[in-house]
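Engineer: Structure file coords.cif, mmCIF, C-alpha atoms and all ligand atoms, is pasted below:
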```cif
data_final
loop_
_atom_site.label_atom_id
_atom_site.label_comp_id
_atom_site.auth_asym_id
_atom_site.auth_seq_id
_atom_site.Cartn_x
_atom_site.Cartn_y
_atom_site.Cartn_z
CA GLU A 12 70.09 114.19 72.92
CA LYS A 13 71.96 115.51 75.95
CA LEU A 14 72.21 113.40 79.14
CA LEU A 15 70.09 115.75 81.27
CA GLN A 16 67.83 117.17 78.56
CA ASN A 17 64.77 118.88 80.12
CA GLN A 18 65.87 117.93 83.62
CA VAL A 19 66.07 120.28 86.59
CA ALA A 20 68.99 120.17 89.01
CA PHE A 21 69.23 121.92 92.38
CA VAL A 22 72.83 122.67 93.41
CA THR A 23 73.84 124.04 96.83
CA GLY A 24 77.11 125.89 97.26
CA ALA A 25 76.85 126.73 93.55
CA GLY A 26 78.80 129.98 93.84
CA SER A 27 82.24 128.44 94.18
CA GLY A 28 84.48 125.41 93.81
CA ILE A 29 82.87 122.00 93.38
CA GLY A 30 79.27 123.29 93.33
CA ARG A 31 80.05 125.84 90.66
CA ALA A 32 81.89 123.34 88.45
CA ALA A 33 79.05 120.84 88.86
CA ALA A 34 76.37 123.43 88.03
CA ILE A 35 78.18 124.31 84.81
CA LYS A 36 78.77 120.66 83.89
CA LEU A 37 75.11 119.72 84.47
CA ALA A 38 74.02 122.73 82.38
CA GLN A 39 76.40 121.79 79.56
CA ASN A 40 74.58 118.47 79.51
CA GLY A 41 71.15 120.00 79.13
CA GLY A 42 70.12 120.61 82.74
CA LYS A 43 68.28 123.67 84.01
CA ILE A 44 70.00 124.65 87.23
CA ALA A 45 68.78 126.17 90.51
CA LEU A 46 71.88 127.84 91.94
CA VAL A 47 71.75 128.05 95.73
CA ASP A 48 74.39 129.89 97.75
CA LEU A 49 74.87 132.29 100.65
CA HIS A 50 76.51 134.74 98.26
CA LYS A 51 74.34 136.04 95.47
CA GLU A 52 77.11 137.86 93.54
CA ASN A 53 78.98 134.60 92.94
CA VAL A 54 75.99 132.71 91.58
CA GLU A 55 74.98 135.63 89.35
CA GLU A 56 78.22 134.98 87.43
CA VAL A 57 77.49 131.26 87.17
CA LYS A 58 73.99 132.02 85.88
CA LYS A 59 75.47 134.25 83.18
CA GLN A 60 77.85 131.51 82.12
CA ILE A 61 75.02 128.97 81.96
CA GLU A 62 72.82 131.29 79.90
CA GLU A 63 75.69 131.92 77.50
CA MET A 64 75.81 128.21 76.81
CA GLY A 65 72.10 128.23 75.98
CA SER A 66 70.63 126.73 79.14
CA GLU A 67 68.63 128.25 82.01
CA ALA A 68 69.50 129.05 85.62
CA LEU A 69 67.82 130.47 88.69
CA VAL A 70 69.69 132.42 91.39
CA LEU A 71 68.59 131.51 94.91
CA GLU A 72 70.31 133.31 97.76
CA ALA A 73 69.84 131.22 100.90
CA ASN A 74 71.43 129.69 103.93
CA VAL A 75 70.81 125.97 103.55
CA SER A 76 71.06 125.37 107.29
CA HIS A 77 67.77 127.28 107.73
CA PRO A 78 64.70 125.07 107.09
CA GLU A 79 62.38 127.79 105.86
CA GLU A 80 64.97 129.13 103.40
CA ILE A 81 65.71 125.79 101.79
CA GLU A 82 62.03 124.93 101.59
CA LYS A 83 61.38 128.22 99.80
CA CYS A 84 64.23 127.54 97.33
CA TYR A 85 62.60 124.28 96.26
CA GLN A 86 59.27 126.02 95.89
CA ARG A 87 60.79 128.67 93.64
CA THR A 88 62.49 125.98 91.56
CA VAL A 89 59.32 124.02 90.87
CA ASP A 90 57.35 127.25 90.32
CA GLN A 91 59.90 128.14 87.64
CA TRP A 92 60.26 124.83 85.83
CA GLY A 93 57.52 122.54 87.15
CA ARG A 94 59.79 119.67 88.10
CA LEU A 95 62.85 118.50 90.01
CA ASP A 96 65.18 115.65 89.04
CA VAL A 97 68.60 116.08 90.60
CA VAL A 98 69.76 117.48 93.95
CA PHE A 99 73.42 118.14 94.68
CA ALA A 100 73.69 118.70 98.46
CA ASN A 101 77.15 120.15 98.42
CA ALA A 102 77.37 123.43 100.39
CA GLY A 103 79.79 123.29 103.27
CA ILE A 104 82.49 125.01 105.28
CA ASN A 105 85.71 123.91 106.93
CA GLY A 106 85.01 125.83 110.13
CA GLU A 107 87.60 126.83 112.72
CA VAL A 108 90.74 124.71 112.86
CA ILE A 109 91.02 124.40 116.61
CA PRO A 110 91.65 121.72 119.27
CA ILE A 111 88.55 120.37 121.02
CA GLU A 112 89.54 121.78 124.39
CA ASP A 113 89.68 125.30 122.97
CA MET A 114 86.62 125.05 120.71
CA ASP A 115 83.71 127.34 121.49
CA PRO A 116 80.41 125.41 121.39
CA LYS A 117 79.20 128.07 118.94
CA ASP A 118 81.95 127.08 116.49
CA TRP A 119 80.92 123.45 116.82
CA GLU A 120 77.31 124.40 116.14
CA LEU A 121 78.19 126.57 113.15
CA THR A 122 80.22 123.85 111.42
CA THR A 123 77.83 120.99 112.11
CA SER A 124 74.76 123.00 111.10
CA ASN A 125 76.35 124.23 107.87
CA ASN A 126 77.60 120.80 106.87
CA LEU A 127 75.37 118.15 108.42
CA THR A 128 72.02 119.69 109.40
CA SER A 129 72.02 121.43 106.02
CA THR A 130 72.33 118.05 104.30
CA PHE A 131 69.36 116.66 106.22
CA LEU A 132 67.31 119.75 105.30
CA THR A 133 68.35 119.69 101.65
CA VAL A 134 67.28 116.05 101.36
CA LYS A 135 64.13 116.36 103.47
CA TYR A 136 62.63 119.28 101.57
CA ALA A 137 63.45 117.70 98.20
CA ILE A 138 61.35 114.60 98.89
CA PRO A 139 57.88 116.07 98.17
CA HIS A 140 59.13 117.22 94.76
CA LEU A 141 60.96 113.99 93.84
CA LYS A 142 58.73 111.25 95.18
CA GLU A 143 56.35 111.04 92.26
CA ASN A 144 58.90 110.54 89.48
CA GLY A 145 62.08 109.56 91.34
CA GLY A 146 65.41 111.31 91.05
CA SER A 147 69.03 111.42 92.08
CA ILE A 148 70.51 113.03 95.18
CA ILE A 149 74.26 113.45 95.51
CA ILE A 150 75.84 114.43 98.84
CA THR A 151 79.33 115.88 99.13
CA SER A 152 81.03 114.27 102.09
CA SER A 153 84.82 113.83 102.02
CA ILE A 154 87.52 111.22 102.42
CA ASN A 155 86.92 112.21 106.07
CA GLY A 156 83.49 110.63 105.74
CA ASN A 157 85.07 107.25 106.28
CA ARG A 158 87.83 107.91 108.77
CA VAL A 159 89.42 110.83 110.52
CA TYR A 160 92.19 111.77 108.18
CA LYS A 161 95.04 114.19 108.93
CA ASN A 162 92.55 116.80 110.05
CA PHE A 163 93.91 117.69 113.46
CA GLY A 164 91.81 120.51 114.83
CA MET A 165 88.84 119.72 112.59
CA SER A 166 86.71 117.55 114.84
CA ALA A 167 83.46 119.33 113.97
CA TYR A 168 84.21 119.06 110.24
CA SER A 169 85.10 115.36 110.44
CA THR A 170 82.03 114.66 112.56
CA SER A 171 79.83 116.35 109.96
CA LYS A 172 81.42 114.49 107.05
CA ILE A 173 81.07 111.11 108.80
CA GLY A 174 77.50 112.08 109.70
CA GLN A 175 76.70 112.92 106.07
CA MET A 176 77.87 109.43 105.10
CA GLY A 177 75.55 107.73 107.62
CA PHE A 178 72.65 110.01 106.78
CA GLY A 179 73.13 109.50 103.03
CA LYS A 180 72.95 105.73 103.43
CA MET A 181 69.84 105.89 105.60
CA ALA A 182 68.25 108.18 103.03
CA ALA A 183 69.13 105.75 100.21
CA LEU A 184 67.36 102.97 102.07
CA GLU A 185 64.30 104.99 103.01
CA LEU A 186 63.85 106.66 99.64
CA ALA A 187 64.43 103.61 97.43
CA LYS A 188 60.67 103.01 97.45
CA TYR A 189 60.21 106.31 95.60
CA HIS A 190 63.01 105.46 93.21
CA ILE A 191 65.06 108.29 94.59
CA ARG A 192 68.74 107.35 94.50
CA VAL A 193 71.11 108.84 97.08
CA ASN A 194 74.89 108.62 96.71
CA ILE A 195 77.76 110.11 98.64
CA ILE A 196 80.88 111.49 97.01
CA CYS A 197 84.13 111.66 98.95
CA PRO A 198 86.63 114.10 97.48
CA GLY A 199 90.20 114.30 98.68
CA ALA A 200 91.89 117.69 98.52
CA ILE A 201 90.39 119.70 95.67
CA GLU A 202 91.64 123.11 94.51
CA THR A 203 88.85 125.44 95.69
CA ASN A 204 88.48 128.49 97.93
CA ILE A 205 87.55 126.39 100.95
CA ASN A 206 91.15 125.58 101.75
CA GLU A 207 92.54 129.05 101.25
CA ASN A 208 91.71 130.66 104.60
CA THR A 209 91.83 127.45 106.56
CA TRP A 210 95.50 126.76 105.99
CA LYS A 211 96.74 130.38 106.00
CA ASP A 212 97.67 130.89 109.64
CA LYS A 213 100.88 128.85 109.72
CA GLU A 214 101.65 129.69 113.37
CA LYS A 215 98.29 128.34 114.53
CA LEU A 216 98.69 125.23 112.40
CA LYS A 217 102.09 124.53 113.96
CA LYS A 218 100.45 124.55 117.37
CA ILE A 219 98.04 121.80 116.39
CA GLU A 220 100.59 119.78 114.47
CA ILE A 221 99.12 120.07 110.99
CA PRO A 222 101.80 119.67 108.36
CA VAL A 223 101.77 123.19 106.92
CA GLU A 224 102.20 122.12 103.33
CA TYR A 225 98.89 120.20 103.44
CA PRO A 226 97.10 119.60 101.13
CA GLU A 227 99.44 120.22 98.16
CA GLY A 228 101.23 117.29 96.60
CA SER A 229 99.36 114.81 98.70
CA GLN A 230 97.70 112.72 96.01
CA PRO A 231 99.62 109.81 94.47
CA LEU A 232 97.86 109.90 91.11
CA GLU A 233 98.96 113.31 89.90
CA ASN A 234 100.95 114.63 92.83
CA ARG A 235 98.57 117.55 93.20
CA ALA A 236 95.13 118.26 94.53
CA GLY A 237 92.14 117.41 92.32
CA LYS A 238 90.23 119.93 90.23
CA PRO A 239 86.58 120.86 90.77
CA GLU A 240 85.87 119.92 87.14
CA GLN A 241 87.03 116.36 87.84
CA VAL A 242 84.52 116.12 90.69
CA ALA A 243 81.85 117.59 88.40
CA ASP A 244 82.31 114.65 86.00
CA LEU A 245 81.42 112.27 88.84
CA VAL A 246 78.40 114.37 89.80
CA LEU A 247 77.18 114.23 86.19
CA PHE A 248 77.53 110.44 86.15
CA LEU A 249 75.59 110.06 89.41
CA ALA A 250 72.93 112.51 88.23
CA SER A 251 72.33 110.71 84.96
CA SER A 252 70.71 107.40 84.03
CA GLY A 253 74.17 105.87 83.47
CA SER A 254 74.19 105.25 87.24
CA SER A 255 70.60 103.97 87.42
CA HIS A 256 71.45 100.99 89.66
CA ILE A 257 73.79 102.87 92.00
CA THR A 258 72.37 104.04 95.31
CA GLY A 259 73.68 104.21 98.87
CA SER A 260 77.22 104.14 97.54
CA GLU A 261 80.20 106.12 98.70
CA ILE A 262 82.51 107.02 95.86
CA TYR A 263 86.04 108.26 96.47
CA ILE A 264 87.52 110.85 94.16
CA ASP A 265 90.92 111.52 95.61
CA GLY A 266 93.75 110.24 93.42
CA ALA A 267 94.33 107.53 96.07
CA GLU A 268 94.92 110.13 98.81
CA SER A 269 92.80 108.15 101.25
CA LEU A 270 95.02 105.10 100.80
CA LEU A 271 98.13 106.85 102.09
P1 LIG B 301 83.99 126.46 98.35
O1 LIG B 301 84.23 127.26 99.57
O2 LIG B 301 84.78 126.77 97.12
O3 LIG B 301 82.44 126.46 97.98
C1 LIG B 301 81.45 126.23 98.95
C2 LIG B 301 80.25 127.11 98.66
O4 LIG B 301 79.23 126.76 99.59
C3 LIG B 301 80.54 128.60 98.84
O5 LIG B 301 80.11 129.31 97.68
C4 LIG B 301 79.71 128.98 100.06
O6 LIG B 301 79.20 130.30 100.01
C5 LIG B 301 78.60 127.95 100.03
N1 LIG B 301 78.00 127.73 101.35
C6 LIG B 301 78.63 127.40 102.50
N2 LIG B 301 77.74 127.28 103.50
C7 LIG B 301 76.51 127.57 102.97
C8 LIG B 301 75.20 127.62 103.50
N3 LIG B 301 74.96 127.38 104.80
N4 LIG B 301 74.19 127.92 102.67
C9 LIG B 301 74.40 128.17 101.36
N5 LIG B 301 75.63 128.14 100.80
C10 LIG B 301 76.67 127.84 101.60
O7 LIG B 301 84.25 124.94 98.79
P2 LIG B 301 84.28 123.56 97.98
O8 LIG B 301 85.63 123.00 98.17
O9 LIG B 301 83.70 123.68 96.64
O10 LIG B 301 83.32 122.71 98.95
C11 LIG B 301 82.13 122.09 98.52
C12 LIG B 301 81.93 120.84 99.36
O11 LIG B 301 83.01 119.94 99.12
C13 LIG B 301 81.90 121.06 100.87
O12 LIG B 301 80.87 120.28 101.44
C14 LIG B 301 83.26 120.57 101.31
O13 LIG B 301 83.28 120.12 102.65
C15 LIG B 301 83.48 119.43 100.35
N6 LIG B 301 84.87 119.00 100.20
C16 LIG B 301 85.81 119.84 99.71
C17 LIG B 301 87.11 119.40 99.60
C18 LIG B 301 88.22 120.29 99.10
O14 LIG B 301 89.40 119.98 99.29
N7 LIG B 301 87.91 121.39 98.45
C19 LIG B 301 87.46 118.10 99.97
C20 LIG B 301 86.45 117.26 100.45
C21 LIG B 301 85.16 117.71 100.56
#
```
Step by step, read the file and then write its structure as structure tokens.
Ligand code: NAD

Structural biologist:
Amino acid sequence: EKLLQNQVAFVTGAGSGIGRAAAIKLAQNGGKIALVDLHKENVEEVKKQIEEMGSEALVLEANVSHPEEIEKCYQRTVDQWGRLDVVFANAGINGEVIPIEDMDPKDWELTTSNNLTSTFLTVKYAIPHLKENGGSIIITSSINGNRVYKNFGMSAYSTSKIGQMGFGKMAALELAKYHIRVNIICPGAIETNINENTWKDKEKLKKIEIPVEYPEGSQPLENRAGKPEQVADLVLFLASSGSSHITGSEIYIDGAESLL
């Protein structure tokens, strides 16, 4: 029997990068997957891939920083499959790379609402569907969840990632009584689209003293960034009963990048 046989997983940011790799990995292991993303076209492809491997998927186009949208996504998921077991609160953006003194309050708001408020909403609206039978929630923070790391010009991002860490631990404590586990994963640099635009404008980066070659070659273990599939393996472990006594933990997946 597969690890997640008959289980339902809800994955945000499922159209790209870590979310996409995790959705596919959870489906390979028997899960039925609700694919949530801002961009429908991207998740349509993931759904096709999941169906080709003999599992089921649901495409949910939504902005997870909007309460009514995320609430509706959960409703559609339980209408479809009648249960919820795993939530991967993963959607996020880098936001503008910009010094604090030049940052528009709207940019601050955009980054913190997409990364941090969205995590609160994704957890909050899952609770009614998980509290009866328990479940596993996994939050994607970052190595920046622990300390501000190299990210000059990313104060809103770092604030969100540190906030997700604190929120995830509070949620683990509060939700233990329902047997809902909550863990926080902290990737280092991972090869996904998120970094593409952020590090493109070399002139701007020079101005805020970011080493322009970041993040390539920055991880001691393999001298390259990690792969989304490697993060997906960790998500599968935390989703499954193999991690049944792990909650409130922060787990680094960074090839020792955070130790540099
Ligand atoms: P990505 O850009 O490849 O994928 C993120 C997905 O999230 C996109 O499909 C995007 O459309 C979606 N998304 C963003 N905001 C959304 C919203 N409000 N509502 C719905 N969907 C939304 O990026 P990724 O690297 O896979 O990032 C996933 C998570 O991993 C993020 O939280 C990111 O901060 C975190 N992370 C990434 C890295 C890295 O180096 N790639 C490192 C540490 C942490």

Engineer: Per residue of chain A within 8 Å of ligand LIG 301 (chain B), what are the shortest atom pair and its distance in Å to one decimal, counting only C-alpha atoms and all ligand atoms, with rows by chain and residue number, as a tab-separated table?

Structural biologist:
```
residue	atom	partner	partner_atom	distance
A:Thr23	CA	B:LIG301	N5	6.0
A:Gly24	CA	B:LIG301	O4	3.3
A:Ala25	CA	B:LIG301	O5	5.9
A:Gly26	CA	B:LIG301	O5	4.1
A:Ser27	CA	B:LIG301	O5	4.2
A:Gly28	CA	B:LIG301	O9	3.4
A:Ile29	CA	B:LIG301	O9	3.8
A:Gly30	CA	B:LIG301	O9	5.5
A:Arg31	CA	B:LIG301	O9	7.3
A:Val47	CA	B:LIG301	C9	6.2
A:Asp48	CA	B:LIG301	N5	3.7
A:Leu49	CA	B:LIG301	C9	4.2
A:His50	CA	B:LIG301	O6	5.5
A:Asn53	CA	B:LIG301	O5	7.2
A:Glu72	CA	B:LIG301	C9	7.5
A:Ala73	CA	B:LIG301	C9	5.5
A:Asn74	CA	B:LIG301	N4	3.5
A:Val75	CA	B:LIG301	N4	4.0
A:Ser76	CA	B:LIG301	N3	5.0
A:His77	CA	B:LIG301	N3	7.8
A:Ala100	CA	B:LIG301	O12	7.9
A:Asn101	CA	B:LIG301	O12	4.8
A:Ala102	CA	B:LIG301	O4	3.9
A:Gly103	CA	B:LIG301	O12	3.7
A:Ile104	CA	B:LIG301	C6	5.3
A:Asn105	CA	B:LIG301	O13	6.2
A:Ser124	CA	B:LIG301	N3	7.7
A:Asn125	CA	B:LIG301	N3	4.6
A:Asn126	CA	B:LIG301	O12	6.4
A:Ser129	CA	B:LIG301	N3	6.7
A:Thr151	CA	B:LIG301	O12	5.2
A:Ser152	CA	B:LIG301	C21	5.6
A:Ser153	CA	B:LIG301	C20	4.1
A:Ile154	CA	B:LIG301	C20	6.4
A:Asn155	CA	B:LIG301	C20	7.6
A:Tyr168	CA	B:LIG301	O13	7.7
A:Lys172	CA	B:LIG301	O13	7.4
A:Cys197	CA	B:LIG301	C20	6.2
A:Pro198	CA	B:LIG301	C20	4.3
A:Gly199	CA	B:LIG301	C19	4.9
A:Ala200	CA	B:LIG301	O14	3.5
A:Ile201	CA	B:LIG301	O14	3.8
A:Glu202	CA	B:LIG301	N7	5.7
A:Thr203	CA	B:LIG301	O2	4.5
A:Asn204	CA	B:LIG301	O2	4.2
A:Ile205	CA	B:LIG301	O1	3.7
A:Asn206	CA	B:LIG301	N7	6.2
A:Pro226	CA	B:LIG301	O14	7.9
A:Ala236	CA	B:LIG301	O14	7.6
A:Gly237	CA	B:LIG301	O14	7.9
A:Pro239	CA	B:LIG301	O9	7.1
```

Engineer: Using all atoms listed in the file, which protein or nucleic acid residues come within 9 Å of Gln18 of chain A? Drop anything in the same chain fewer than 6 positions from it, and give the result as a PyMOL selection string.

Structural biologist: chain A and resi 41-44+94-97

Engineer: How many Å lie between atom CA of Leu249 of chain A and atom CA of Pro231 of chain A, rounded to one decimal?

Structural biologist: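 Atom-to-atom, atom CA of Leu249 of chain A to atom CA of Pro231 of chain A, that is 24.6 Å.
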
Engineer: Rank nothing, just name the residue among A:Gln230, A:Asn194, A:Ser255, A:Ser166 nearest to Ile111 of chain A, using all atoms listed in the file.

Structural biologist: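 Checking each of A:Gln230, A:Asn194, A:Ser255, A:Ser166 against Ile111 of chain A, counting all atoms listed in the file, the winner is A:Ser166.
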
Engineer: Provide the atom CA of Asn144 of chain A to atom CA of Lys188 of chain A distance in Å, to one decimal place.

Structural biologist: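 Computed distance, atom CA of Asn144 of chain A to atom CA of Lys188 of chain A, equals 11.1 Å.
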
Engineer: So that I can see what lies close to segment 83-89 of chain A, please list as a PyMOL selection string the residues with an atom at most 7 Å from it, counting all atoms listed in the file and leaving out residues fewer than 4 positions away in the same chain.

Structural biologist: chain A and resi 45+71+79+93-95+137

Engineer: Closest to Ala183 of chain A among A:Leu46, A:Ile138, A:Ala243, A:Ala33, using only C-alpha atoms?

Structural biologist: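 Answer, going by the shortest atom-to-atom distance: A:Ile138.
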
Engineer: Could you give me the axis-aligned bounding box of segment 82-94 of chain A, with 4 Å of padding per side, as centre plus edge lengths in Å to one decimal, as JSON?

Structural biologist:
```
{"center_x": 60.8, "center_y": 124.2, "center_z": 93.7, "size_x": 14.9, "size_y": 17.0, "size_z": 23.8}
```

Engineer: Rounded to one decimal, what separation in Å do you get between atom CA of Ala250 of chain A and atom CA of Leu270 of chain A?

Structural biologist: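 Separating atom CA of Ala250 of chain A from atom CA of Leu270 of chain A is a distance of 26.5 Å.
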
Engineer: Go through A:Ala267, A:Val108, A:Val57, A:Val159 and flag the residue nearest Ala32 of chain A, using all atoms listed in the file for the distances.

Structural biologist: A:Val57
